[in-house]
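File shown here: run.csv, holding CSV, C-alpha atoms and all ligand atoms.
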```csv
chain,number,residue,atom,x,y,z
G,16,MET,CA,10.4,-25.4,-14.0
G,17,ILE,CA,9.2,-23.6,-10.9
G,18,GLU,CA,10.1,-20.2,-12.5
G,19,PHE,CA,8.1,-21.2,-15.5
G,20,ILE,CA,5.0,-22.0,-13.5
G,21,LYS,CA,5.4,-18.8,-11.5
G,22,ARG,CA,5.3,-16.9,-14.7
G,23,LEU,CA,2.4,-18.8,-16.2
G,24,LYS,CA,-0.8,-16.7,-15.9
G,25,LEU,CA,-2.9,-19.8,-16.0
G,26,SER,CA,-1.6,-20.9,-12.6
G,27,TYR,CA,-2.9,-17.6,-11.0
G,28,GLN,CA,-6.2,-17.9,-12.9
G,29,VAL,CA,-6.8,-21.4,-11.5
G,30,TYR,CA,-6.1,-20.0,-8.0
G,31,ASN,CA,-8.5,-17.1,-8.7
G,32,PHE,CA,-11.2,-19.4,-9.9
G,33,PHE,CA,-11.6,-20.7,-6.4
G,34,LYS,CA,-11.8,-17.2,-4.9
G,35,LYS,CA,-15.0,-16.1,-6.5
G,36,LYS,CA,-16.4,-14.6,-3.3
G,37,ASP,CA,-13.5,-12.2,-3.0
G,38,LEU,CA,-13.2,-11.3,-6.7
G,39,LYS,CA,-16.7,-11.2,-8.2
G,40,HIS,CA,-17.1,-7.5,-7.5
G,41,ASN,CA,-14.6,-6.9,-10.3
G,42,GLU,CA,-17.0,-8.2,-13.0
G,43,LYS,CA,-19.3,-5.2,-12.6
G,44,LEU,CA,-16.3,-2.9,-12.8
G,45,TYR,CA,-14.9,-4.7,-15.9
G,46,GLN,CA,-18.3,-4.1,-17.5
G,47,LYS,CA,-18.3,-0.5,-16.5
G,48,TYR,CA,-15.0,0.0,-18.3
G,49,GLY,CA,-15.9,-2.1,-21.3
G,50,LEU,CA,-13.4,-4.9,-20.6
G,51,ASN,CA,-14.2,-8.4,-21.6
G,52,LYS,CA,-12.9,-10.2,-18.5
G,53,LYS,CA,-14.0,-12.8,-16.0
G,54,TYR,CA,-13.5,-12.5,-12.2
G,55,TYR,CA,-10.6,-14.9,-12.4
G,56,SER,CA,-8.8,-13.3,-15.4
G,57,SER,CA,-5.4,-11.7,-15.2
G,58,VAL,CA,-5.4,-8.0,-15.2
G,59,SER,CA,-2.7,-5.3,-15.7
G,60,SER,CA,-2.3,-1.7,-16.8
G,61,LYS,CA,-2.0,-3.0,-20.4
G,62,ASP,CA,-5.7,-3.8,-20.2
G,63,PHE,CA,-6.5,-0.1,-19.6
G,64,GLU,CA,-4.4,1.3,-22.5
G,65,GLY,CA,-6.7,3.6,-24.6
G,66,LEU,CA,-9.2,4.2,-21.8
G,67,ASN,CA,-9.0,7.7,-20.8
G,68,ASN,CA,-10.6,8.0,-17.3
G,69,SER,CA,-8.8,10.5,-15.2
G,70,ASN,CA,-6.9,9.5,-12.2
G,71,ILE,CA,-8.4,9.6,-8.7
G,72,GLU,CA,-7.5,12.9,-7.1
G,73,PRO,CA,-7.6,13.7,-3.3
G,74,ASN,CA,-10.4,16.1,-2.5
G,75,ILE,CA,-8.7,18.5,-0.1
G,76,ASP,CA,-11.5,21.1,-0.1
G,77,GLN,CA,-13.9,18.5,1.1
G,78,LEU,CA,-11.5,17.3,3.8
G,79,VAL,CA,-10.9,20.8,5.1
G,80,ALA,CA,-14.7,21.3,5.3
G,81,ASP,CA,-15.3,18.1,7.2
G,82,PRO,CA,-15.7,18.6,11.0
G,83,VAL,CA,-13.1,15.8,11.5
G,84,PHE,CA,-10.4,18.2,10.2
G,85,GLN,CA,-10.9,20.4,13.3
G,86,LYS,CA,-9.7,17.6,15.5
G,87,PHE,CA,-6.1,17.9,14.4
G,88,SER,CA,-3.4,20.3,15.5
G,89,SER,CA,-2.7,23.2,13.2
G,90,ALA,CA,0.6,21.6,12.1
G,91,SER,CA,-1.3,18.4,11.1
G,92,GLN,CA,-4.0,20.5,9.4
G,93,GLU,CA,-1.3,22.3,7.4
G,94,SER,CA,0.3,19.0,6.5
G,95,LEU,CA,-3.0,17.6,5.3
G,96,LYS,CA,-3.7,20.7,3.2
G,97,GLN,CA,-0.5,20.1,1.3
G,98,PHE,CA,-1.2,16.5,0.5
G,99,ASN,CA,-1.8,17.3,-3.2
G,100,GLU,CA,1.4,19.2,-3.6
G,101,VAL,CA,3.8,16.9,-1.7
G,102,GLY,CA,2.0,13.5,-1.7
G,103,TYR,CA,2.0,12.8,2.0
G,104,ALA,CA,0.7,14.1,5.3
G,105,VAL,CA,2.0,13.7,8.9
G,106,ILE,CA,-0.4,13.6,11.8
G,107,LYS,CA,1.4,13.8,15.1
G,108,ASP,CA,0.0,12.0,18.1
G,109,TYR,CA,-2.7,10.4,16.1
G,110,PHE,CA,-3.1,7.2,18.1
G,111,THR,CA,-3.0,7.2,21.9
G,112,GLU,CA,-0.4,5.3,24.0
G,113,GLU,CA,-3.3,2.9,25.0
G,114,GLN,CA,-4.3,2.2,21.4
G,115,VAL,CA,-0.7,1.6,20.3
G,116,ASP,CA,0.0,-0.6,23.3
G,117,ALA,CA,-3.1,-2.7,22.6
G,118,VAL,CA,-1.9,-3.3,19.0
G,119,ASN,CA,1.6,-4.2,20.2
G,120,SER,CA,0.1,-6.7,22.7
G,121,ALA,CA,-2.1,-8.2,20.1
G,122,ILE,CA,0.8,-8.7,17.7
G,123,ASP,CA,2.9,-10.3,20.6
G,124,GLU,CA,0.0,-12.7,21.2
G,125,LEU,CA,-0.3,-13.6,17.6
G,126,ILE,CA,3.4,-14.4,17.4
G,127,GLU,CA,3.4,-16.4,20.6
G,128,SER,CA,0.4,-18.4,19.6
G,129,GLN,CA,2.0,-18.9,16.1
G,130,GLN,CA,-1.0,-17.5,14.3
G,131,VAL,CA,1.4,-15.3,12.3
G,132,LYS,CA,4.9,-15.8,10.9
G,133,PHE,CA,7.6,-13.3,9.9
G,134,ARG,CA,7.9,-13.4,6.1
G,135,TYR,CA,10.0,-11.6,3.5
G,136,GLY,CA,13.5,-11.9,5.0
G,137,ASN,CA,11.9,-12.6,8.5
G,138,LYS,CA,10.9,-8.9,8.8
G,139,LYS,CA,7.2,-8.6,8.0
G,140,ILE,CA,4.0,-10.0,9.5
G,141,MET,CA,1.4,-9.8,6.8
G,142,PHE,CA,-2.4,-9.4,7.2
G,143,ALA,CA,-2.6,-9.4,11.0
G,144,ILE,CA,-5.9,-7.5,10.4
G,145,HIS,CA,-7.4,-10.9,9.5
G,146,LYS,CA,-6.3,-12.5,12.8
G,147,SER,CA,-6.9,-9.8,15.4
G,148,GLU,CA,-9.9,-7.5,15.8
G,149,THR,CA,-7.7,-5.1,17.8
G,150,VAL,CA,-5.3,-4.7,14.8
G,151,ARG,CA,-8.2,-4.4,12.4
G,152,LYS,CA,-9.9,-1.7,14.5
G,153,MET,CA,-6.9,0.6,14.1
G,154,GLY,CA,-7.5,0.6,10.3
G,155,TYR,CA,-11.1,1.3,10.8
G,156,ASP,CA,-10.6,4.1,13.2
G,157,GLU,CA,-13.5,6.5,12.5
G,158,SER,CA,-11.6,9.7,12.0
G,159,LEU,CA,-8.9,8.0,10.0
G,160,GLN,CA,-11.6,6.6,7.7
G,161,LYS,CA,-13.0,10.1,7.2
G,162,VAL,CA,-9.6,11.5,6.3
G,163,LEU,CA,-8.9,8.7,3.9
G,164,HIS,CA,-12.4,9.0,2.3
G,165,HIS,CA,-11.4,12.5,1.1
G,166,LEU,CA,-7.9,11.5,0.1
G,167,VAL,CA,-9.1,8.7,-2.2
G,168,ASP,CA,-12.4,10.5,-3.0
G,169,GLY,CA,-14.3,7.4,-2.1
G,170,GLU,CA,-14.6,4.6,0.5
G,171,ALA,CA,-11.2,3.4,1.7
G,172,VAL,CA,-11.3,-0.4,2.2
G,173,LEU,CA,-8.6,-1.8,4.3
G,174,PHE,CA,-6.7,-4.3,2.1
G,175,GLN,CA,-3.5,-5.2,3.9
G,176,SER,CA,-1.5,-4.7,7.0
G,177,ILE,CA,2.3,-5.2,7.4
G,178,ASN,CA,3.7,-5.3,10.9
G,179,PHE,CA,7.4,-4.8,11.8
G,180,VAL,CA,8.7,-5.7,15.2
G,181,HIS,CA,12.4,-6.5,15.4
G,182,GLU,CA,13.6,-5.1,12.1
G,183,GLY,CA,12.6,-2.4,9.6
G,184,SER,CA,12.0,-3.2,6.0
G,185,GLU,CA,15.2,-1.7,4.7
G,186,GLN,CA,13.4,-1.7,1.4
G,187,LYS,CA,14.7,0.2,-1.5
G,188,THR,CA,12.7,3.1,-2.9
G,189,HIS,CA,9.5,2.1,-4.6
G,190,SER,CA,6.0,3.2,-5.2
G,191,ASP,CA,3.2,1.0,-3.8
G,192,THR,CA,1.4,1.2,-7.2
G,193,LEU,CA,3.6,-1.5,-8.7
G,194,HIS,CA,2.3,-3.9,-6.0
G,195,MET,CA,-1.2,-2.6,-5.4
G,196,THR,CA,-2.7,-0.9,-8.3
G,197,THR,CA,-6.0,0.6,-9.2
G,198,TYR,CA,-7.9,1.6,-12.3
G,199,PRO,CA,-8.4,4.5,-12.4
G,200,LEU,CA,-4.9,5.1,-11.0
G,201,GLY,CA,-4.6,6.8,-7.6
G,202,GLY,CA,-7.0,4.7,-5.6
G,203,LEU,CA,-4.5,3.2,-3.2
G,204,ILE,CA,-3.4,4.9,0.0
G,205,GLY,CA,-0.8,4.0,2.6
G,206,VAL,CA,-0.8,4.8,6.3
G,207,TRP,CA,2.3,4.1,8.3
G,208,ILE,CA,1.9,4.0,12.1
G,209,ALA,CA,4.8,4.4,14.6
G,210,LEU,CA,4.1,1.7,17.3
G,211,GLU,CA,7.1,3.1,19.2
G,212,ASP,CA,9.5,6.0,18.8
G,213,ILE,CA,11.4,5.6,15.5
G,214,GLU,CA,14.7,7.4,15.2
G,215,ALA,CA,17.5,7.7,12.6
G,216,ASP,CA,19.1,4.4,13.8
G,217,ASN,CA,16.1,2.1,13.8
G,218,GLY,CA,15.2,2.1,10.2
G,219,PRO,CA,12.8,5.1,9.6
G,220,VAL,CA,10.8,5.3,6.5
G,221,HIS,CA,12.2,7.6,3.8
G,222,TYR,CA,10.2,9.4,1.1
G,223,TYR,CA,10.5,11.9,-1.7
G,224,PRO,CA,8.1,14.8,-1.4
G,225,GLY,CA,6.4,15.5,-4.8
G,226,SER,CA,7.4,12.2,-6.4
G,227,HIS,CA,3.8,11.2,-6.6
G,228,LYS,CA,3.5,13.7,-9.5
G,229,LEU,CA,6.0,11.6,-11.6
G,230,PRO,CA,4.5,9.2,-14.1
G,231,TYR,CA,3.3,5.9,-12.6
G,232,PHE,CA,6.2,3.5,-13.3
G,233,LEU,CA,4.4,0.2,-14.0
G,234,ASN,CA,5.4,-3.0,-15.9
G,235,SER,CA,6.0,-1.1,-19.1
G,236,ALA,CA,8.6,1.2,-17.4
G,237,PHE,CA,11.0,-1.8,-17.0
G,238,ASP,CA,10.0,-3.9,-19.9
G,239,ASN,CA,8.1,-6.4,-17.8
G,240,GLU,CA,4.7,-6.6,-19.5
G,241,GLY,CA,5.0,-10.2,-20.6
G,242,THR,CA,2.6,-11.8,-23.0
G,243,SER,CA,-1.0,-12.9,-23.0
G,244,MET,CA,0.1,-16.2,-21.4
G,245,MET,CA,3.1,-15.3,-19.4
G,246,LEU,CA,4.2,-12.6,-16.8
G,247,GLY,CA,7.2,-10.6,-17.7
G,248,LYS,CA,10.7,-12.0,-17.1
G,249,LYS,CA,12.1,-9.1,-15.1
G,250,LYS,CA,13.1,-9.5,-11.4
G,251,TYR,CA,12.1,-7.1,-8.6
G,252,GLY,CA,15.7,-5.9,-8.5
G,253,ASP,CA,15.2,-4.6,-12.1
G,254,TYR,CA,12.3,-2.5,-10.9
G,255,GLU,CA,14.3,-1.1,-8.0
G,256,ALA,CA,17.2,-0.3,-10.4
G,257,MET,CA,14.8,1.5,-12.8
G,258,ILE,CA,13.5,3.6,-9.9
G,259,GLU,CA,17.0,4.4,-8.7
G,260,ASN,CA,17.8,5.6,-12.3
G,261,LYS,CA,14.6,7.7,-12.5
G,262,LEU,CA,15.5,9.3,-9.2
G,263,LYS,CA,18.8,10.5,-10.7
G,264,ASP,CA,16.8,12.2,-13.5
G,265,TYR,CA,14.7,14.3,-11.1
G,266,SER,CA,16.1,16.4,-8.4
G,267,LEU,CA,13.9,15.4,-5.5
G,268,GLU,CA,14.7,15.9,-1.8
G,269,LYS,CA,14.8,12.7,0.3
G,270,LYS,CA,13.2,13.0,3.8
G,271,LEU,CA,13.1,10.6,6.7
G,272,PHE,CA,10.1,10.1,8.9
G,273,THR,CA,11.5,10.0,12.4
G,274,ALA,CA,8.4,9.6,14.5
G,275,LYS,CA,7.0,9.4,18.1
G,276,LYS,CA,4.9,6.5,19.2
G,277,GLY,CA,1.4,7.1,17.8
G,278,ASP,CA,2.4,9.4,14.9
G,279,ILE,CA,1.2,8.5,11.4
G,280,LEU,CA,2.4,9.2,7.9
G,281,ILE,CA,-0.2,9.0,5.1
G,282,TRP,CA,1.2,8.6,1.6
G,283,HIS,CA,-0.3,8.9,-1.9
G,284,ALA,CA,-0.4,5.8,-4.2
G,285,ASN,CA,2.5,7.0,-6.3
G,286,LEU,CA,4.8,8.5,-3.6
G,287,LEU,CA,8.3,7.1,-3.8
G,288,HIS,CA,9.4,5.7,-0.4
G,289,GLY,CA,11.3,3.0,1.3
G,290,GLY,CA,13.0,2.0,4.5
G,291,GLU,CA,16.3,3.2,5.8
G,292,ALA,CA,19.0,0.8,7.2
G,293,HIS,CA,18.2,-0.4,10.7
G,294,ILE,CA,21.6,0.4,12.1
G,295,ASN,CA,21.1,-0.2,15.8
G,296,LYS,CA,19.8,-3.7,16.0
G,297,SER,CA,19.6,-3.5,19.8
G,298,LYS,CA,16.5,-1.4,19.2
G,299,THR,CA,13.2,-2.8,17.9
G,300,ARG,CA,11.3,-1.2,15.1
G,301,LYS,CA,7.6,-1.6,16.0
G,302,SER,CA,5.5,-0.1,13.2
G,303,MET,CA,2.6,-1.0,11.0
G,304,VAL,CA,1.7,-0.1,7.5
G,305,LEU,CA,-1.9,-0.2,6.3
G,306,HIS,CA,-2.9,-0.2,2.7
G,307,PHE,CA,-6.3,0.8,1.6
G,308,PHE,CA,-8.0,0.6,-1.8
G,309,GLU,CA,-10.8,2.8,-3.0
G,310,ARG,CA,-13.8,0.6,-3.2
G,311,ASP,CA,-15.1,1.4,-6.6
G,312,SER,CA,-11.8,1.0,-8.4
G,313,ILE,CA,-10.5,-2.1,-10.1
G,314,CYS,CA,-7.9,-3.2,-7.5
G,315,TYR,CA,-5.1,-5.4,-8.7
G,316,HIS,CA,-1.4,-6.3,-8.5
G,317,GLU,CA,0.5,-4.9,-11.5
G,318,VAL,CA,3.6,-6.9,-11.0
G,319,THR,CA,1.8,-10.3,-10.9
G,320,GLN,CA,-1.1,-9.1,-13.0
G,321,ARG,CA,-3.6,-10.6,-10.4
G,322,PRO,CA,-6.8,-9.0,-9.2
G,323,ALA,CA,-6.6,-8.2,-5.5
G,324,ILE,CA,-8.4,-10.6,-3.2
G,325,MET,CA,-10.7,-8.3,-1.3
G,326,LYS,CA,-12.1,-9.4,2.1
G,327,TYR,CA,-14.8,-6.9,2.7
S,1,LIG,O1,8.2,0.5,6.9
S,1,LIG,C1,9.0,0.5,6.0
S,1,LIG,O2,10.2,0.4,6.1
S,1,LIG,C2,8.5,0.7,4.6
S,1,LIG,C3,7.3,0.0,4.3
S,1,LIG,C4,6.9,0.1,2.8
S,1,LIG,O3,7.6,0.7,2.1
S,1,LIG,C5,5.6,-0.3,2.3
S,1,LIG,O4,4.8,-0.9,3.0
S,1,LIG,O5,5.3,0.1,1.2
```
Could you render the structure from this file as structure tokens?
Amino acid sequence: MIEFIKRLKLSYQVYNFFKKKDLKHNEKLYQKYGLNKKYYSSVSSKDFEGLNNSNIEPNIDQLVADPVFQKFSSASQESLKQFNEVGYAVIKDYFTEEQVDAVNSAIDELIESQQVKFRYGNKKIMFAIHKSETVRKMGYDESLQKVLHHLVDGEAVLFQSINFVHEGSEQKTHSDTLHMTTYPLGGLIGVWIALEDIEADNGPVHYYPGSHKLPYFLNSAFDNEGTSMMLGKKKYGDYEAMIENKLKDYSLEKKLFTAKKGDILIWHANLLHGGEAHINKSKTRKSMVLHFFERDSICYHEVTQRPAIMKY
């Protein structure tokens, strides 16, 4: 019975109905793309079939011309210049020791005062940006915002944070786009921040350079589109298995992001990535992922076919 309710689109629509403030911006966008939808309606890639707007592309020329670009080391500049080819960029020493320590202390305080809980296998603290100004400020760092603005060719609005403290995600390879999707595609960007040194034994992120150029594997790629009333029947494991199979079809190199405290990795909406095993459990794995949506896109969750609740 619970499974049935979880698949029933109506249950999400009722929830959405009471979130008008955070969803009403979509109505204007639905109109723009000629979709007959209310702010509370379900939405998925199926709704956009037949619309031919081109995907959002990073604007690297504009980024290189922006004075902010000169702030970075030549290695970081080279990395940013290659974003279109490889789907990621590394900026070493982006955040200072003080900035990182402030976020770590803020997270400790939130845990101690029980304002946040570890979820998803006791590994992830979700949305600390809504509980701590210090954490939120990191996402709205002025130079970072300028970089992201060029990479999503629009305004990057901070949607979500995920903090890891004791354990890494150990998550199988995936693309964020199944979870956080935009129309037009490509309006999501991830920023992963090392809040301490991350080495091979405390669960570094892995990623596949160039994988962002593969097709966007959405519900239709694993037969999970569902019906007008119900979400698809497939499990998340079916998605992961599909991605594992796709990886066998393409010869892509896997890389690990071993990082120093303050380094950041920025990834494209469709870059395949995940978390390595956290082998040495005597080490913590302090890190934070920030996900940003491009403001003028329709932002939604393909897997649950829900519009994204945006807290501007
Ligand atoms: O930090 C990690 O291990 C990976 C996190 C991740 O894959 C994500 O947030 O999309």
Give me, as a tab-separated table, each residue of chain G that comes within 8 Å of ligand LIG 1 (chain S), together with its shortest interatomic pair and the distance in Å at one decimal, counting only C-alpha atoms and all ligand atoms, with rows ordered by chain and rising residue number.
```
residue	atom	partner	partner_atom	distance
G:Ile177	CA	S:LIG1	O4	6.6
G:Phe179	CA	S:LIG1	O1	7.3
G:Gly183	CA	S:LIG1	O2	5.1
G:Ser184	CA	S:LIG1	O2	4.0
G:Glu185	CA	S:LIG1	O2	5.6
G:Gln186	CA	S:LIG1	O2	6.1
G:Lys187	CA	S:LIG1	O3	8.0
G:Thr188	CA	S:LIG1	O3	7.5
G:His189	CA	S:LIG1	O3	7.1
G:Ser190	CA	S:LIG1	O5	7.1
G:Asp191	CA	S:LIG1	O5	5.5
G:Gly205	CA	S:LIG1	O5	7.4
G:Trp207	CA	S:LIG1	O1	7.1
G:Gly218	CA	S:LIG1	O2	6.7
G:Pro219	CA	S:LIG1	O2	6.4
G:Val220	CA	S:LIG1	O2	5.0
G:His221	CA	S:LIG1	O2	7.8
G:His288	CA	S:LIG1	O3	5.9
G:Gly289	CA	S:LIG1	O3	4.4
G:Gly290	CA	S:LIG1	O2	3.6
G:Glu291	CA	S:LIG1	O2	6.7
G:Ser302	CA	S:LIG1	O1	6.9
G:Met303	CA	S:LIG1	O1	7.1
G:Val304	CA	S:LIG1	O4	5.5
G:Leu305	CA	S:LIG1	O4	7.5
G:His306	CA	S:LIG1	O4	7.7
```
Go ahead and dump the residues you just picked, C-alpha atoms, as a CSV table (one decimal), in the frame of the given file.
```csv
chain,number,residue,atom,x,y,z
G,177,ILE,CA,2.3,-5.2,7.4
G,179,PHE,CA,7.4,-4.8,11.8
G,183,GLY,CA,12.6,-2.4,9.6
G,184,SER,CA,12.0,-3.2,6.0
G,185,GLU,CA,15.2,-1.7,4.7
G,186,GLN,CA,13.4,-1.7,1.4
G,187,LYS,CA,14.7,0.2,-1.5
G,188,THR,CA,12.7,3.1,-2.9
G,189,HIS,CA,9.5,2.1,-4.6
G,190,SER,CA,6.0,3.2,-5.2
G,191,ASP,CA,3.2,1.0,-3.8
G,205,GLY,CA,-0.8,4.0,2.6
G,207,TRP,CA,2.3,4.1,8.3
G,218,GLY,CA,15.2,2.1,10.2
G,219,PRO,CA,12.8,5.1,9.6
G,220,VAL,CA,10.8,5.3,6.5
G,221,HIS,CA,12.2,7.6,3.8
G,288,HIS,CA,9.4,5.7,-0.4
G,289,GLY,CA,11.3,3.0,1.3
G,290,GLY,CA,13.0,2.0,4.5
G,291,GLU,CA,16.3,3.2,5.8
G,302,SER,CA,5.5,-0.1,13.2
G,303,MET,CA,2.6,-1.0,11.0
G,304,VAL,CA,1.7,-0.1,7.5
G,305,LEU,CA,-1.9,-0.2,6.3
G,306,HIS,CA,-2.9,-0.2,2.7
```
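Nearest-residue note for Asn234 in chain G: choosing from G:Gln85, G:Asn217, G:Thr319, G:Thr273, the minimum distance belongs to G:Thr319, counting only C-alpha atoms.
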Write out as number ranges by chain each polymer residue whose atoms come within 9 Å of Ile204 in chain G, counting all atoms listed in the file; drop sequence neighbours fewer than 3 positions from it. G: 163, 166-167, 171, 191, 201, 281-285, 305-309
Å distance separating CA of Ser120 in chain G from CA of Lys146 in chain G, one decimal place: 13.1 Å
Nearest candidate to Asn99 in chain G (options G:Pro73, G:Gly277, G:Pro82, G:Gly252; using all atoms listed in the file):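 Checking each of G:Pro73, G:Gly277, G:Pro82, G:Gly252 against Asn99 in chain G, counting all atoms listed in the file, the winner is G:Pro73.
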Just to confirm, what's the straight-line distance from CA of Arg22 in chain G to CA of Ala143 in chain G in Å (one decimal)?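 Taking CA of Arg22 in chain G and CA of Ala143 in chain G, their separation equals 27.9 Å.
Once Asp116 in chain G and its same-chain neighbours fewer than 3 positions away are set aside, G:Phe110, G:Thr111, G:Glu112, G:Glu113, G:Asn119, G:Ser120, G:Ala121, G:Ile122, G:Leu210, G:Glu211, G:Lys276, G:Gly277 remain within 10 Å of it when counting only C-alpha atoms.
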With distances taken over all atoms listed in the file, which of G:Phe142, G:His293, G:Val318, G:Gln160 is nearest to Asp238 in chain G?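 Nearest to Asp238 in chain G: G:Val318.
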To one decimal place, how far is CA of Ser158 in chain G from CA of Asn74 in chain G in Å?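 One can read the CA of Ser158 in chain G to CA of Asn74 in chain G distance as 15.9 Å.
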Residue nearest Lys53 in chain G among G:Ser26, G:Asn41, G:Gln77, G:Ser243 (counting all atoms listed in the file):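 Once distances to Lys53 in chain G are computed over all atoms listed in the file, the minimum belongs to G:Asn41.
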Looking at all atoms listed in the file, which of G:Gln97, G:Ile313, G:Lys296, G:Pro322 is the one that sits closest to Lys43 in chain G?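 Closest to Lys43 in chain G, using all atoms listed in the file: G:Ile313.
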Nearest residue to Leu38 in chain G from the set G:Asn178, G:Ser56, G:Asn51, G:Thr242 (distances using only C-alpha atoms): G:Ser56
For Leu44 in chain G, please output as a list in words all residues within 12 Å (counting all atoms listed in the file; exclusion window: fewer than 5 positions along the same chain).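 Result of the neighbour search: Leu38, Lys39, Gly49, Leu50, Asn51, Lys52, Lys53, Tyr54, Thr197, Tyr198, Pro199, Arg310, Asp311, Ser312, Ile313, Cys314 and Pro322 of chain G.
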Name the residues in contact with Gln28 in chain G at a cut-off of 9 Å, using all atoms listed in the file, excluding same-chain residues fewer than 2 positions from it; report them as a ChimeraX atom specification. /G:24-26,30-33,55-57,321
Excluding His316 in chain G and residues on its chain fewer than 6 positions from it, collect all residues at most 6 Å away from it, counting all atoms listed in the file, and give them as a list in words.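 Selected residues are His194, Met195 and Thr196 of chain G.
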Grab the residues selected above and save them as a tab-separated table (two decimals), keeping the file's coordinate frame with C-alpha atoms.
```
chain	number	residue	atom	x	y	z
G	194	HIS	CA	2.30	-3.90	-6.00
G	195	MET	CA	-1.20	-2.60	-5.40
G	196	THR	CA	-2.70	-0.90	-8.30
```
For range 171-176 of chain G, supply all heavy atoms and report the output as a PDB file, in the coordinates of the input.
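For reference, rebuild15.pdb as written:
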```
ATOM      1  N   ALA G 171     -12.512   4.085   1.592  1.00  0.00           N
ATOM      2  CA  ALA G 171     -11.200   3.400   1.700  1.00  0.00           C
ATOM      3  C   ALA G 171     -11.366   2.077   2.405  1.00  0.00           C
ATOM      4  O   ALA G 171     -11.717   2.002   3.580  1.00  0.00           O
ATOM      5  CB  ALA G 171     -10.258   4.308   2.529  1.00  0.00           C
ATOM      6  N   VAL G 172     -11.152   1.002   1.663  1.00  0.00           N
ATOM      7  CA  VAL G 172     -11.300  -0.400   2.200  1.00  0.00           C
ATOM      8  C   VAL G 172      -9.944  -0.885   2.608  1.00  0.00           C
ATOM      9  O   VAL G 172      -9.009  -0.872   1.802  1.00  0.00           O
ATOM     10  CB  VAL G 172     -11.962  -1.283   1.158  1.00  0.00           C
ATOM     11  CG1 VAL G 172     -12.093  -2.696   1.700  1.00  0.00           C
ATOM     12  CG2 VAL G 172     -13.318  -0.757   0.733  1.00  0.00           C
ATOM     13  N   LEU G 173      -9.856  -1.328   3.852  1.00  0.00           N
ATOM     14  CA  LEU G 173      -8.600  -1.800   4.300  1.00  0.00           C
ATOM     15  C   LEU G 173      -8.244  -3.147   3.621  1.00  0.00           C
ATOM     16  O   LEU G 173      -8.999  -4.110   3.691  1.00  0.00           O
ATOM     17  CB  LEU G 173      -8.698  -2.086   5.859  1.00  0.00           C
ATOM     18  CG  LEU G 173      -7.457  -2.595   6.586  1.00  0.00           C
ATOM     19  CD1 LEU G 173      -6.254  -1.682   6.378  1.00  0.00           C
ATOM     20  CD2 LEU G 173      -7.755  -2.723   8.084  1.00  0.00           C
ATOM     21  N   PHE G 174      -7.132  -3.147   2.904  1.00  0.00           N
ATOM     22  CA  PHE G 174      -6.700  -4.300   2.100  1.00  0.00           C
ATOM     23  C   PHE G 174      -5.682  -5.137   2.868  1.00  0.00           C
ATOM     24  O   PHE G 174      -5.756  -6.354   2.960  1.00  0.00           O
ATOM     25  CB  PHE G 174      -6.234  -3.914   0.759  1.00  0.00           C
ATOM     26  CG  PHE G 174      -5.578  -5.035   0.007  1.00  0.00           C
ATOM     27  CD1 PHE G 174      -6.333  -6.121  -0.431  1.00  0.00           C
ATOM     28  CD2 PHE G 174      -4.218  -5.040  -0.243  1.00  0.00           C
ATOM     29  CE1 PHE G 174      -5.736  -7.186  -1.105  1.00  0.00           C
ATOM     30  CE2 PHE G 174      -3.611  -6.101  -0.920  1.00  0.00           C
ATOM     31  CZ  PHE G 174      -4.376  -7.173  -1.353  1.00  0.00           C
ATOM     32  N   GLN G 175      -4.687  -4.459   3.398  1.00  0.00           N
ATOM     33  CA  GLN G 175      -3.500  -5.200   3.900  1.00  0.00           C
ATOM     34  C   GLN G 175      -2.873  -4.482   5.074  1.00  0.00           C
ATOM     35  O   GLN G 175      -2.899  -3.258   5.149  1.00  0.00           O
ATOM     36  CB  GLN G 175      -2.491  -5.219   2.734  1.00  0.00           C
ATOM     37  CG  GLN G 175      -1.133  -5.755   3.087  1.00  0.00           C
ATOM     38  CD  GLN G 175      -0.193  -5.727   1.899  1.00  0.00           C
ATOM     39  OE1 GLN G 175      -0.167  -6.647   1.110  1.00  0.00           O
ATOM     40  NE2 GLN G 175       0.565  -4.662   1.773  1.00  0.00           N
ATOM     41  N   SER G 176      -2.315  -5.284   5.978  1.00  0.00           N
ATOM     42  CA  SER G 176      -1.500  -4.700   7.000  1.00  0.00           C
ATOM     43  C   SER G 176      -0.105  -5.383   6.957  1.00  0.00           C
ATOM     44  O   SER G 176      -0.010  -6.560   6.594  1.00  0.00           O
ATOM     45  CB  SER G 176      -2.084  -4.919   8.403  1.00  0.00           C
ATOM     46  OG  SER G 176      -2.237  -6.302   8.651  1.00  0.00           O
TER      47      SER G 176
END
```
